[in-house]
Each structure stands twice: as structure tokens, then as C-alpha cells.
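Chemist: Supplied structure: entry_14.pdb, PDB, C-alpha atoms (C1' of nucleotides).
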ATOM      1  CA  MET A   1     143.440 162.721 149.644
ATOM      2  CA  ALA A   2     140.039 162.582 151.245
ATOM      3  CA  PHE A   3     137.265 161.742 148.868
ATOM      4  CA  ARG A   4     133.715 162.847 149.160
ATOM      5  CA  HIS A   5     131.290 159.963 149.075
ATOM      6  CA  PRO A   6     127.528 160.378 149.122
ATOM      7  CA  ASP A   7     125.685 159.019 152.133
ATOM      8  CA  ARG A   8     123.564 155.981 151.545
ATOM      9  CA  ASP A   9     120.383 158.025 151.414
ATOM     10  CA  GLN A  10     121.879 160.497 148.982
ATOM     11  CA  ILE A  11     122.389 157.810 146.372
ATOM     12  CA  ARG A  12     120.025 158.114 143.454
ATOM     13  CA  VAL A  13     119.127 155.309 141.141
ATOM     14  CA  GLU A  14     119.442 157.505 138.086
ATOM     15  CA  ASP A  15     123.078 158.208 138.931
ATOM     16  CA  VAL A  16     123.805 154.565 139.600
ATOM     17  CA  LEU A  17     122.313 153.568 136.262
ATOM     18  CA  SER A  18     124.176 156.190 134.329
ATOM     19  CA  ALA A  19     127.399 155.238 136.114
ATOM     20  CA  LEU A  20     126.932 151.597 135.186
ATOM     21  CA  GLY A  21     125.685 152.365 131.703
ATOM     22  CA  ASN A  22     129.260 152.344 130.536
ATOM     23  CA  GLY A  23     131.267 149.295 129.642
ATOM     24  CA  VAL A  24     134.420 150.222 131.469
ATOM     25  CA  ARG A  25     132.644 151.041 134.703
ATOM     26  CA  LEU A  26     130.398 148.005 134.485
ATOM     27  CA  SER A  27     133.520 145.879 134.107
ATOM     28  CA  VAL A  28     135.063 147.557 137.113
ATOM     29  CA  VAL A  29     132.055 146.654 139.211
ATOM     30  CA  ARG A  30     132.190 143.087 137.975
ATOM     31  CA  ILE A  31     135.816 142.882 139.003
ATOM     32  CA  LEU A  32     135.166 144.354 142.423
ATOM     33  CA  ASP A  33     132.193 142.063 142.914
ATOM     34  CA  ALA A  34     134.324 139.039 142.155
ATOM     35  CA  GLY A  35     136.120 139.697 145.423
ATOM     36  CA  GLY A  36     139.674 140.259 146.483
ATOM     37  CA  GLU A  37     141.363 143.491 147.378
ATOM     38  CA  HIS A  38     141.800 145.999 144.636
ATOM     39  CA  ASN A  39     143.551 149.245 144.065
ATOM     40  CA  CYS A  40     143.386 151.419 140.983
ATOM     41  CA  THR A  41     146.343 149.818 139.266
ATOM     42  CA  SER A  42     145.206 146.259 139.845
ATOM     43  CA  VAL A  43     141.825 146.959 138.277
ATOM     44  CA  LEU A  44     143.459 148.839 135.465
ATOM     45  CA  ASN A  45     145.673 145.852 134.753
ATOM     46  CA  THR A  46     142.789 143.391 134.899
ATOM     47  CA  LEU A  47     140.927 145.572 132.427
ATOM     48  CA  GLY A  48     143.831 145.717 130.037
ATOM     49  CA  ILE A  49     145.690 148.880 129.262
ATOM     50  CA  THR A  50     143.962 152.189 129.840
ATOM     51  CA  ALA A  51     145.488 155.475 130.858
ATOM     52  CA  LYS A  52     145.541 156.050 134.590
ATOM     53  CA  SER A  53     144.095 159.506 134.180
ATOM     54  CA  THR A  54     141.146 158.036 132.333
ATOM     55  CA  MET A  55     140.507 155.692 135.206
ATOM     56  CA  THR A  56     140.661 158.598 137.640
ATOM     57  CA  HIS A  57     137.665 159.952 135.765
ATOM     58  CA  HIS A  58     135.805 156.655 136.085
ATOM     59  CA  TRP A  59     136.616 156.392 139.792
ATOM     60  CA  ARG A  60     135.064 159.760 140.313
ATOM     61  CA  VAL A  61     131.868 158.809 138.498
ATOM     62  CA  LEU A  62     131.572 155.556 140.421
ATOM     63  CA  ARG A  63     132.353 157.294 143.709
ATOM     64  CA  ASP A  64     130.017 160.242 143.166
ATOM     65  CA  SER A  65     127.161 157.962 142.210
ATOM     66  CA  GLY A  66     127.651 155.925 145.370
ATOM     67  CA  VAL A  67     128.727 152.713 143.695
ATOM     68  CA  ILE A  68     132.188 152.407 145.233
ATOM     69  CA  TRP A  69     134.192 153.479 148.227
ATOM     70  CA  GLN A  70     137.629 154.764 147.527
ATOM     71  CA  GLN A  71     139.828 154.621 150.602
ATOM     72  CA  PRO A  72     143.344 155.994 150.568
ATOM     73  CA  SER A  73     145.734 153.594 152.213
ATOM     74  CA  GLY A  74     149.362 154.464 152.110
ATOM     75  CA  ARG A  75     150.167 155.292 148.565
ATOM     76  CA  GLU A  76     147.292 153.240 147.227
ATOM     77  CA  ASN A  77     143.574 153.713 146.943
ATOM     78  CA  LEU A  78     141.567 150.727 148.009
ATOM     79  CA  LEU A  79     138.449 150.230 145.934
ATOM     80  CA  VAL A  80     135.401 148.621 147.473
ATOM     81  CA  LEU A  81     131.968 148.028 146.024
ATOM     82  CA  ARG A  82     129.284 149.612 148.239
ATOM     83  CA  ARG A  83     127.183 146.502 148.098
ATOM     84  CA  GLU A  84     125.619 146.912 151.516
ATOM     85  CA  ASP A  85     124.438 150.417 150.788
ATOM     86  CA  LEU A  86     123.209 149.606 147.332
ATOM     87  CA  ASP A  87     121.410 146.486 148.497
ATOM     88  CA  ALA A  88     119.804 148.383 151.338
ATOM     89  CA  ARG A  89     118.596 151.219 149.203
ATOM     90  CA  TYR A  90     117.822 149.348 145.989
ATOM     91  CA  PRO A  91     117.185 145.705 146.851
ATOM     92  CA  GLY A  92     118.019 143.375 144.022
ATOM     93  CA  LEU A  93     119.322 146.073 141.724
ATOM     94  CA  LEU A  94     123.006 145.289 141.888
ATOM     95  CA  ASP A  95     122.458 141.559 141.613
ATOM     96  CA  ALA A  96     120.181 142.012 138.627
ATOM     97  CA  ILE A  97     122.729 144.237 136.924
ATOM     98  CA  LEU A  98     125.636 141.926 137.650
ATOM     99  CA  SER A  99     123.854 138.844 136.463
ATOM    100  CA  GLY A 100     122.696 140.777 133.424
ATOM    101  CA  ALA A 101     126.279 141.704 132.684
ATOM    102  CA  ARG A 102     127.238 138.052 132.950
ATOM    103  CA  THR A 103     124.438 137.148 130.569
ATOM    104  CA  ASP A 104     125.721 139.619 128.013
ATOM    105  CA  ALA A 105     129.318 138.576 128.463
ATOM    106  CA  ALA A 106     128.360 134.959 127.857
ATOM    107  CA  ALA A 107     126.526 135.929 124.680
ATOM    108  CA  HIS A 108     129.504 137.895 123.422
ATOM    109  CA  ARG A 109     131.794 134.966 123.938
ATOM    110  CA  HIS A 110     129.574 132.954 121.600
ATOM    111  CA  ASP A 111     129.041 135.532 118.893
ATOM    112  CA  GLY A 112     132.062 134.457 116.918
ATOM    113  CA  THR A 113     134.136 137.556 117.544
ATOM    114  CA  GLY A 114     135.175 137.165 121.120
ATOM    115  CA  GLN A 115     134.984 140.919 121.290
ATOM    116  CA  PRO A 116     132.721 143.120 123.338
ATOM    117  CA  SER A 117     130.153 144.652 121.039
ATOM    118  CA  ARG A 118     130.699 148.246 121.936
TER     119      ARG A 118
ATOM    120  CA  MET B 119     107.253 154.697 109.620
ATOM    121  CA  ALA B 120     108.667 151.330 110.531
ATOM    122  CA  PHE B 121     111.020 151.378 113.466
ATOM    123  CA  ARG B 122     113.888 149.064 114.025
ATOM    124  CA  HIS B 123     113.751 147.339 117.372
ATOM    125  CA  PRO B 124     116.452 145.030 118.664
ATOM    126  CA  ASP B 125     115.495 141.403 119.175
ATOM    127  CA  ARG B 126     115.273 140.239 122.738
ATOM    128  CA  ASP B 127     118.671 138.581 122.585
ATOM    129  CA  GLN B 128     120.270 141.657 121.105
ATOM    130  CA  ILE B 129     119.418 143.732 124.143
ATOM    131  CA  ARG B 130     122.449 144.594 126.245
ATOM    132  CA  VAL B 131     122.319 145.546 129.869
ATOM    133  CA  GLU B 132     124.802 148.340 129.377
ATOM    134  CA  ASP B 133     122.482 150.001 126.878
ATOM    135  CA  VAL B 134     119.461 149.569 129.098
ATOM    136  CA  LEU B 135     121.289 151.131 132.015
ATOM    137  CA  SER B 136     122.534 154.073 130.025
ATOM    138  CA  ALA B 137     119.051 154.569 128.562
ATOM    139  CA  LEU B 138     117.513 154.629 132.013
ATOM    140  CA  GLY B 139     120.338 156.647 133.526
ATOM    141  CA  ASN B 140     118.484 159.776 132.508
ATOM    142  CA  GLY B 141     115.678 161.400 134.413
ATOM    143  CA  VAL B 142     113.394 162.021 131.483
ATOM    144  CA  ARG B 143     113.653 158.494 130.179
ATOM    145  CA  LEU B 144     113.349 156.952 133.618
ATOM    146  CA  SER B 145     110.157 158.947 134.095
ATOM    147  CA  VAL B 146     108.862 157.731 130.770
ATOM    148  CA  VAL B 147     109.360 154.158 131.853
ATOM    149  CA  ARG B 148     107.622 154.844 135.126
ATOM    150  CA  ILE B 149     104.670 156.252 133.243
ATOM    151  CA  LEU B 150     104.497 153.323 130.859
ATOM    152  CA  ASP B 151     104.816 150.885 133.721
ATOM    153  CA  ALA B 152     101.895 152.489 135.494
ATOM    154  CA  GLY B 153      99.672 151.105 132.766
ATOM    155  CA  GLY B 154      97.253 152.534 130.293
ATOM    156  CA  GLU B 155      97.746 153.190 126.634
ATOM    157  CA  HIS B 156     100.208 155.866 125.707
ATOM    158  CA  ASN B 157     101.277 157.727 122.657
ATOM    159  CA  CYS B 158     104.077 160.258 122.404
ATOM    160  CA  THR B 159     101.909 163.246 123.145
ATOM    161  CA  SER B 160     100.210 161.734 126.158
ATOM    162  CA  VAL B 161     103.547 160.934 127.776
ATOM    163  CA  LEU B 162     104.861 164.332 126.863
ATOM    164  CA  ASN B 163     101.884 165.946 128.562
ATOM    165  CA  THR B 164     102.210 163.801 131.663
ATOM    166  CA  LEU B 165     105.846 164.816 131.855
ATOM    167  CA  GLY B 166     105.058 168.497 131.538
ATOM    168  CA  ILE B 167     106.152 170.582 128.634
ATOM    169  CA  THR B 168     109.049 169.353 126.537
ATOM    170  CA  ALA B 169     109.643 169.853 122.856
ATOM    171  CA  LYS B 170     108.322 167.021 120.717
ATOM    172  CA  SER B 171     111.590 166.827 118.843
ATOM    173  CA  THR B 172     113.417 166.297 122.105
ATOM    174  CA  MET B 173     111.142 163.415 122.913
ATOM    175  CA  THR B 174     111.751 161.923 119.487
ATOM    176  CA  HIS B 175     115.367 161.660 120.547
ATOM    177  CA  HIS B 176     114.436 159.930 123.795
ATOM    178  CA  TRP B 177     112.106 157.515 122.011
ATOM    179  CA  ARG B 178     114.979 156.497 119.819
ATOM    180  CA  VAL B 179     117.269 155.841 122.750
ATOM    181  CA  LEU B 180     114.632 153.816 124.560
ATOM    182  CA  ARG B 181     113.761 151.922 121.406
ATOM    183  CA  ASP B 182     117.329 151.199 120.355
ATOM    184  CA  SER B 183     118.221 149.947 123.798
ATOM    185  CA  GLY B 184     115.266 147.570 123.771
ATOM    186  CA  VAL B 185     113.301 149.205 126.560
ATOM    187  CA  ILE B 186     110.186 150.117 124.615
ATOM    188  CA  TRP B 187     108.203 149.131 121.559
ATOM    189  CA  GLN B 188     107.066 151.939 119.365
ATOM    190  CA  GLN B 189     104.183 150.868 117.160
ATOM    191  CA  PRO B 190     102.748 153.221 114.576
ATOM    192  CA  SER B 191      98.977 153.175 114.654
ATOM    193  CA  GLY B 192      97.190 155.594 112.454
ATOM    194  CA  ARG B 193      98.741 158.949 113.035
ATOM    195  CA  GLU B 194      99.926 158.000 116.493
ATOM    196  CA  ASN B 195     102.776 155.967 117.880
ATOM    197  CA  LEU B 196     101.785 153.583 120.604
ATOM    198  CA  LEU B 197     104.424 153.213 123.275
ATOM    199  CA  VAL B 198     104.759 149.975 125.166
ATOM    200  CA  LEU B 199     107.279 148.913 127.761
ATOM    201  CA  ARG B 200     109.054 145.698 126.726
ATOM    202  CA  ARG B 201     108.556 144.197 130.124
ATOM    203  CA  GLU B 202     108.348 140.615 128.943
ATOM    204  CA  ASP B 203     111.600 140.794 127.048
ATOM    205  CA  LEU B 204     113.420 142.652 129.767
ATOM    206  CA  ASP B 205     112.160 140.315 132.473
ATOM    207  CA  ALA B 206     113.126 137.299 130.407
ATOM    208  CA  ARG B 207     116.603 138.520 129.689
ATOM    209  CA  TYR B 208     117.377 140.351 132.919
ATOM    210  CA  PRO B 209     115.168 138.908 135.652
ATOM    211  CA  GLY B 210     114.415 141.389 138.379
ATOM    212  CA  LEU B 211     116.228 144.262 136.730
ATOM    213  CA  LEU B 212     113.270 146.323 135.670
ATOM    214  CA  ASP B 213     111.438 145.836 138.935
ATOM    215  CA  ALA B 214     114.504 146.792 140.912
ATOM    216  CA  ILE B 215     114.961 149.924 138.838
ATOM    217  CA  LEU B 216     111.315 150.922 139.037
ATOM    218  CA  SER B 217     111.102 150.436 142.756
ATOM    219  CA  GLY B 218     114.384 152.287 143.113
ATOM    220  CA  ALA B 219     112.928 155.163 141.158
ATOM    221  CA  ARG B 220     109.932 155.178 143.467
ATOM    222  CA  THR B 221     112.248 155.212 146.458
ATOM    223  CA  ASP B 222     114.052 158.244 145.122
ATOM    224  CA  ALA B 223     110.858 160.020 144.162
ATOM    225  CA  ALA B 224     109.537 159.541 147.674
ATOM    226  CA  ALA B 225     112.741 160.947 149.147
ATOM    227  CA  HIS B 226     112.591 163.974 146.894
ATOM    228  CA  ARG B 227     109.067 164.702 147.938
ATOM    229  CA  HIS B 228     110.317 164.931 151.514
ATOM    230  CA  ASP B 229     113.435 166.952 150.963
ATOM    231  CA  GLY B 230     111.694 170.239 151.417
ATOM    232  CA  THR B 231     111.992 171.391 147.844
ATOM    233  CA  GLY B 232     109.500 169.225 146.070
ATOM    234  CA  GLN B 233     111.878 169.388 143.147
ATOM    235  CA  PRO B 234     113.807 166.634 141.463
ATOM    236  CA  SER B 235     117.418 166.972 142.428
ATOM    237  CA  ARG B 236     118.928 166.970 138.976
TER     238      ARG B 236
ATOM    239  C1'  DA C 237      89.426 168.372  99.784
ATOM    240  C1'  DC C 238      90.866 171.026 103.892
ATOM    241  C1'  DG C 239      92.490 171.973 108.187
ATOM    242  C1'  DA C 240      94.090 170.083 112.437
ATOM    243  C1'  DT C 241      96.891 166.810 114.669
ATOM    244  C1'  DC C 242     100.677 163.391 115.355
ATOM    245  C1'  DG C 243     105.289 162.604 115.339
ATOM    246  C1'  DT C 244     109.708 162.411 112.711
ATOM    247  C1'  DA C 245     113.690 164.508 110.225
ATOM    248  C1'  DC C 246     116.945 167.822 110.037
ATOM    249  C1'  DG C 247     120.063 171.285 111.528
ATOM    250  C1'  DA C 248     122.036 173.955 115.190
ATOM    251  C1'  DT C 249     123.838 174.757 119.718
ATOM    252  C1'  DG C 250     125.703 174.209 124.228
ATOM    253  C1'  DA C 251     126.810 170.904 127.761
ATOM    254  C1'  DT C 252     128.705 166.709 129.071
ATOM    255  C1'  DT C 253     131.485 162.643 128.508
ATOM    256  C1'  DT C 254     135.465 159.950 127.445
ATOM    257  C1'  DA C 255     140.008 159.818 126.519
ATOM    258  C1'  DC C 256     144.875 161.012 126.633
ATOM    259  C1'  DG C 257     149.530 163.043 128.004
ATOM    260  C1'  DT C 258     152.005 165.528 131.232
ATOM    261  C1'  DA C 259     153.049 167.197 135.616
ATOM    262  C1'  DC C 260     152.802 166.946 140.379
ATOM    263  C1'  DG C 261     152.336 165.459 145.465
ATOM    264  C1'  DG C 262     152.474 161.579 148.663
ATOM    265  C1'  DT C 263     154.371 157.274 150.270
ATOM    266  C1'  DC C 264     157.357 153.314 150.315
ATOM    267  C1'  DG C 265     161.735 150.763 150.378
ATOM    268  C1'  DT C 266     166.409 151.000 150.712
TER     269       DT C 266
ATOM    270  C1'  DA D 267     167.757 161.189 151.234
ATOM    271  C1'  DC D 268     166.676 159.119 146.788
ATOM    272  C1'  DG D 269     164.374 156.822 143.345
ATOM    273  C1'  DA D 270     160.365 154.083 142.207
ATOM    274  C1'  DC D 271     155.649 153.834 142.481
ATOM    275  C1'  DC D 272     150.616 155.231 143.154
ATOM    276  C1'  DG D 273     147.095 158.000 141.780
ATOM    277  C1'  DT D 274     145.207 162.725 141.146
ATOM    278  C1'  DA D 275     144.957 167.336 138.858
ATOM    279  C1'  DC D 276     145.019 169.853 134.922
ATOM    280  C1'  DG D 277     144.609 170.975 130.184
ATOM    281  C1'  DT D 278     142.946 169.488 125.888
ATOM    282  C1'  DA D 279     140.648 167.220 122.085
ATOM    283  C1'  DA D 280     137.062 164.431 120.038
ATOM    284  C1'  DA D 281     132.766 162.397 120.444
ATOM    285  C1'  DT D 282     128.289 162.074 122.248
ATOM    286  C1'  DC D 283     124.160 163.913 124.342
ATOM    287  C1'  DA D 284     120.138 166.872 125.364
ATOM    288  C1'  DT D 285     117.543 170.420 123.787
ATOM    289  C1'  DC D 286     115.191 173.367 120.656
ATOM    290  C1'  DG D 287     112.938 175.414 116.365
ATOM    291  C1'  DT D 288     111.410 174.656 111.909
ATOM    292  C1'  DA D 289     109.796 171.979 108.225
ATOM    293  C1'  DC D 290     107.689 168.051 106.478
ATOM    294  C1'  DG D 291     104.815 163.624 105.636
ATOM    295  C1'  DA D 292     101.041 160.982 107.076
ATOM    296  C1'  DT D 293      96.444 160.441 108.921
ATOM    297  C1'  DC D 294      92.087 161.828 110.796
ATOM    298  C1'  DG D 295      87.576 164.229 110.955
ATOM    299  C1'  DT D 296      84.446 166.942 108.734
TER     300       DT D 296
END
Let me see the structure of the file written as C-alpha cells.
Modeler:
Amino acid sequence: MAFRHPDRDQIRVEDVLSALGNGVRLSVVRILDAGGEHNCTSVLNTLGITAKSTMTHHWRVLRDSGVIWQQPSGRENLLVLRREDLDARYPGLLDAILSGARTDAAAHRHDGTGQPSR
Amino acid sequence: MAFRHPDRDQIRVEDVLSALGNGVRLSVVRILDAGGEHNCTSVLNTLGITAKSTMTHHWRVLRDSGVIWQQPSGRENLLVLRREDLDARYPGLLDAILSGARTDAAAHRHDGTGQPSR
DNA sequence: ACGATCGTACGATGATTTACGTACGGTCGT
DNA sequence: ACGACCGTACGTAAATCATCGTACGATCGT
């Protein structure tokens, strides 16, 4: 399976924002940013249970928007955040988003529910 | 007409990203950021023709996500970017997005079509 | 008071998004 | 070669989104 990834200069900020304007995908990026090697199943497990076919949809959105690389390796797909490309094209964007996500997550943990608000 | 706006600490990055992950709304924010006083019609005109009722929808999304203030004033609605709140809660985010949008706009102007790509 | 203007509300429509189950095609280990 | 595993493809259903036209309520200027 060879995936089509946009070149760095084909990435558009609007697509990145709409890709990350979704809780599941934002969580995926947080997981990938935290480091370590990840494949689809490992992220899916970290996220809690979600259908694999649903994640396939999210991988496509993240891939098409230029947020992640998806590299087949044996029977797995390695998932890598395209930090270098994103930082080069949109300096500070990814860091601002990630720290914003941490801000929100911290607030949710103190709101008495322990649940994400969406 | 009194609009409901989220408090600063109710703003969530996911909502901001999904609000700005849309070309029309991203353009609106670019216009507001450029300065000057704006009401719905003035932005609508700057954007080119779009139905007013469509814009009403976009105002709601931008308002609900905490990106803009919408202040009734006489028969108009003044539109103001919530830069202070966004900068306080998500430092660097808005600037990164706006300069990213400028980057993309510059690229589109050189792609031979002169058209936005979505 | 009247007509023009501003912008929302409402209702409708088509497109897109998110989600799931099932089935399939590769790859790995044995 | 066989069975387990990885992840996609496909079909489908429900929800959301983007857009428009029309109608309305409020305000302004005269």
C-alpha cells in the first residue's frame, strides 16, 4: 500500500486546521508528539476502543492534510508526525496547537467530570 | 439581539481550529485582523458576494468558538477579533495561523491560477 | 410615519463528515 | 502451508455543515 502524501509546499493551513479541529485527530497528534514508535493499532489502543475502519478514515484526513506520514512497514503502518514540514511551513503553529491542547486537557481534568467536553 | 459568547476560559482549541478550518471563516479572521471597524455587510462585501444568511451561520460558528465578539450597535453588528483572549489562552496560536494563511495566500497567487485551491 | 437598510430566524437542500461492521489482501511466525 | 494479525476498502447510516431564499424585527434618516 503506497500512500499519497502532499509535498511540504502543498500543505495548506486551512486543511491542517480542519484536520486538527477534531478531538480524535487532535489526540492522535498529541500521542505522536509524545514520542515513541506508533502504528495504527497502538494509537487506537492508547485512545481507547474505536473501530479500526473509523481510524482508517482519520489516518486519511491526517495524511491528506500533511499532518502525518504513514509508512507501510511489513504488516504495519508506521505513523509519524510531520513536524519538520509543519514547522518549516508554519512556524510555531504545531507547538501552539499542542500546548493549547494541553491547556484544555488540564482544564477538563479539573472541571469535576474528568470527561472531555465534546 | 444579545449574543452568547463563551468566556475566555471556556474557549477550546479544538473549536477554534475547526472554526478556522474553513476558507470563508479564515478569510473573515484575516480581514478582522487587518484592522478597521467591521460590520457583517462590510466583511461580506470584502469577501465578494455571499448570501447574508450564509454569513449569519459563519458568525455563529466564529462566535461560539470564541474567535470573535459580535456586538450589536444600532442596526449593525460590530465584529471584533478576540485577539486578547485568544493570545492569553493560546499564546502564539492566532499569529501562527494568520501568518500561515498569508503564506498560503502568497503561494496561491503564484500558482498560475490566481484562484484559491479549495 | 415611511422607506431603506442591517442582520437574524427559519426552512430546505445537497454535500461532507463520522462512525460502524464486514470482507478482503498482505505479512508474520511457526 | 496455515492461522493470526494488521490495516484498508467498501457499503451504509446518522449527524453535521455550507449554502441559499424568504420572511421578519429592529433601527436609521428624512
Chemist: Once the PyMOL selection byres ((chain B) within 10 of (chain C)) has been applied to the shown file, what residues remain in the selection, as a PDB file with C-alpha atoms, in the coordinates of the input?
Modeler:
ATOM      1  CA  MET B 119     107.253 154.697 109.620  1.00  0.00           C
ATOM      2  CA  ASN B 157     101.277 157.727 122.657  1.00  0.00           C
ATOM      3  CA  CYS B 158     104.077 160.258 122.404  1.00  0.00           C
ATOM      4  CA  THR B 159     101.909 163.246 123.145  1.00  0.00           C
ATOM      5  CA  LYS B 170     108.322 167.021 120.717  1.00  0.00           C
ATOM      6  CA  SER B 171     111.590 166.827 118.843  1.00  0.00           C
ATOM      7  CA  MET B 173     111.142 163.415 122.913  1.00  0.00           C
ATOM      8  CA  THR B 174     111.751 161.923 119.487  1.00  0.00           C
ATOM      9  CA  HIS B 175     115.367 161.660 120.547  1.00  0.00           C
ATOM     10  CA  PRO B 190     102.748 153.221 114.576  1.00  0.00           C
ATOM     11  CA  GLY B 192      97.190 155.594 112.454  1.00  0.00           C
ATOM     12  CA  ARG B 193      98.741 158.949 113.035  1.00  0.00           C
ATOM     13  CA  GLU B 194      99.926 158.000 116.493  1.00  0.00           C
ATOM     14  CA  ASN B 195     102.776 155.967 117.880  1.00  0.00           C
TER      15      ASN B 195
END
Chemist: Distance limit 8 Å, atoms considered: only C-alpha atoms (C1' of nucleotides). Which chain D residues sit that close to chain A? Return them as a PyMOL selection string.
Modeler: chain D and resi 272-274
Chemist: List the residues matched by the PyMOL selection byres ((chain B) within 7 of (chain A)) in the displayed structure as a list in words, ordered by chain and then by residue number.
Modeler: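 Applied to this file, the PyMOL selection byres ((chain B) within 7 of (chain A)) selects Arg130, Val131, Glu132, Asp133, Leu135, Ser136, Leu138, Gly139, Asn140, Gly141, Tyr208, Pro209, Gly210, Leu211, Ala214, Ile215, Gly218, Ala219 and Asp222 of chain B.
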Chemist: Please, what distance in Å, to one decimal, runs between atom CA of Gln70 of chain A and atom C1' of DC276 of chain D?
Modeler: 21.0 Å
Chemist: Just how far from atom CA of Val80 of chain A is atom C1' of DA270 of chain D, in Å to one decimal?
Modeler: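 Rounded to one decimal, the two atoms are 26.1 Å apart.
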Chemist: Mind fitting chain B onto chain A over all Cα atoms in sequence order and sending the result as a compact mmCIF listing (two decimals) with C-alpha atoms, in the coordinates of the input?
Modeler:
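New file selection_18.txt:
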# COMPACT_ATOMS: atom_id res chain seq x y z
CA MET B 119 143.45 162.79 149.66
CA ALA B 120 140.04 162.60 151.26
CA PHE B 121 137.26 161.76 148.87
CA ARG B 122 133.70 162.86 149.17
CA HIS B 123 131.27 159.98 149.08
CA PRO B 124 127.51 160.40 149.11
CA ASP B 125 125.68 159.04 152.13
CA ARG B 126 123.55 156.00 151.54
CA ASP B 127 120.37 158.04 151.41
CA GLN B 128 121.87 160.49 148.98
CA ILE B 129 122.39 157.81 146.37
CA ARG B 130 120.02 158.12 143.43
CA VAL B 131 119.12 155.30 141.12
CA GLU B 132 119.43 157.50 138.08
CA ASP B 133 123.07 158.20 138.92
CA VAL B 134 123.81 154.56 139.59
CA LEU B 135 122.31 153.56 136.26
CA SER B 136 124.18 156.19 134.31
CA ALA B 137 127.41 155.24 136.11
CA LEU B 138 126.95 151.60 135.19
CA GLY B 139 125.69 152.36 131.71
CA ASN B 140 129.28 152.33 130.54
CA GLY B 141 131.29 149.28 129.65
CA VAL B 142 134.45 150.23 131.48
CA ARG B 143 132.66 151.05 134.70
CA LEU B 144 130.41 148.02 134.49
CA SER B 145 133.53 145.88 134.12
CA VAL B 146 135.07 147.56 137.13
CA VAL B 147 132.07 146.66 139.21
CA ARG B 148 132.20 143.10 137.97
CA ILE B 149 135.83 142.90 139.01
CA LEU B 150 135.17 144.35 142.44
CA ASP B 151 132.21 142.07 142.92
CA ALA B 152 134.34 139.05 142.16
CA GLY B 153 136.12 139.67 145.43
CA GLY B 154 139.67 140.26 146.48
CA GLU B 155 141.34 143.49 147.39
CA HIS B 156 141.79 146.00 144.64
CA ASN B 157 143.56 149.23 144.09
CA CYS B 158 143.40 151.41 141.00
CA THR B 159 146.35 149.80 139.29
CA SER B 160 145.22 146.25 139.87
CA VAL B 161 141.83 146.96 138.30
CA LEU B 162 143.47 148.83 135.49
CA ASN B 163 145.68 145.83 134.77
CA THR B 164 142.79 143.39 134.92
CA LEU B 165 140.95 145.58 132.44
CA GLY B 166 143.88 145.72 130.06
CA ILE B 167 145.72 148.88 129.26
CA THR B 168 143.97 152.17 129.88
CA ALA B 169 145.50 155.47 130.88
CA LYS B 170 145.54 156.03 134.62
CA SER B 171 144.09 159.49 134.18
CA THR B 172 141.15 158.01 132.33
CA MET B 173 140.51 155.69 135.21
CA THR B 174 140.68 158.59 137.64
CA HIS B 175 137.69 159.96 135.79
CA HIS B 176 135.81 156.67 136.09
CA TRP B 177 136.62 156.38 139.79
CA ARG B 178 135.07 159.76 140.31
CA VAL B 179 131.89 158.81 138.50
CA LEU B 180 131.57 155.57 140.43
CA ARG B 181 132.34 157.30 143.70
CA ASP B 182 130.02 160.24 143.16
CA SER B 183 127.16 157.98 142.21
CA GLY B 184 127.64 155.93 145.37
CA VAL B 185 128.72 152.71 143.71
CA ILE B 186 132.17 152.41 145.23
CA TRP B 187 134.19 153.48 148.24
CA GLN B 188 137.63 154.78 147.53
CA GLN B 189 139.81 154.62 150.62
CA PRO B 190 143.33 155.99 150.57
CA SER B 191 145.74 153.61 152.23
CA GLY B 192 149.36 154.47 152.11
CA ARG B 193 150.16 155.32 148.55
CA GLU B 194 147.30 153.25 147.23
CA ASN B 195 143.57 153.71 146.94
CA LEU B 196 141.56 150.73 148.01
CA LEU B 197 138.44 150.23 145.95
CA VAL B 198 135.40 148.62 147.48
CA LEU B 199 131.97 148.04 146.04
CA ARG B 200 129.27 149.61 148.23
CA ARG B 201 127.19 146.50 148.10
CA GLU B 202 125.62 146.92 151.51
CA ASP B 203 124.43 150.42 150.79
CA LEU B 204 123.20 149.61 147.33
CA ASP B 205 121.40 146.48 148.49
CA ALA B 206 119.81 148.38 151.34
CA ARG B 207 118.60 151.21 149.19
CA TYR B 208 117.82 149.35 145.98
CA PRO B 209 117.18 145.70 146.85
CA GLY B 210 118.02 143.36 144.02
CA LEU B 211 119.33 146.06 141.73
CA LEU B 212 123.00 145.28 141.89
CA ASP B 213 122.48 141.55 141.62
CA ALA B 214 120.20 141.99 138.64
CA ILE B 215 122.74 144.21 136.93
CA LEU B 216 125.66 141.92 137.66
CA SER B 217 123.88 138.83 136.47
CA GLY B 218 122.72 140.76 133.43
CA ALA B 219 126.30 141.68 132.70
CA ARG B 220 127.27 138.04 132.97
CA THR B 221 124.47 137.13 130.59
CA ASP B 222 125.75 139.59 128.03
CA ALA B 223 129.36 138.56 128.48
CA ALA B 224 128.40 134.95 127.86
CA ALA B 225 126.53 135.92 124.70
CA HIS B 226 129.48 137.89 123.41
CA ARG B 227 131.78 134.98 123.92
CA HIS B 228 129.55 132.98 121.60
CA ASP B 229 129.00 135.54 118.90
CA GLY B 230 131.97 134.45 116.90
CA THR B 231 134.04 137.54 117.47
CA GLY B 232 135.11 137.17 121.05
CA GLN B 233 134.92 140.94 121.18
CA PRO B 234 132.69 143.16 123.24
CA SER B 235 130.11 144.66 120.96
CA ARG B 236 130.62 148.29 121.84
Chemist: Can you list what the PyMOL selection byres ((chain D and resi 286) around 7) grabs from this structure, as a PyMOL selection string?
Modeler: (chain B and resi 169) or (chain D and resi 285+287)
Chemist: Please report the interatomic distance between atom CA of Arg82 of chain A and atom CA of Arg63 of chain A in Å with one decimal.
Modeler: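 Computing it gives 9.4 Å between the two atoms.
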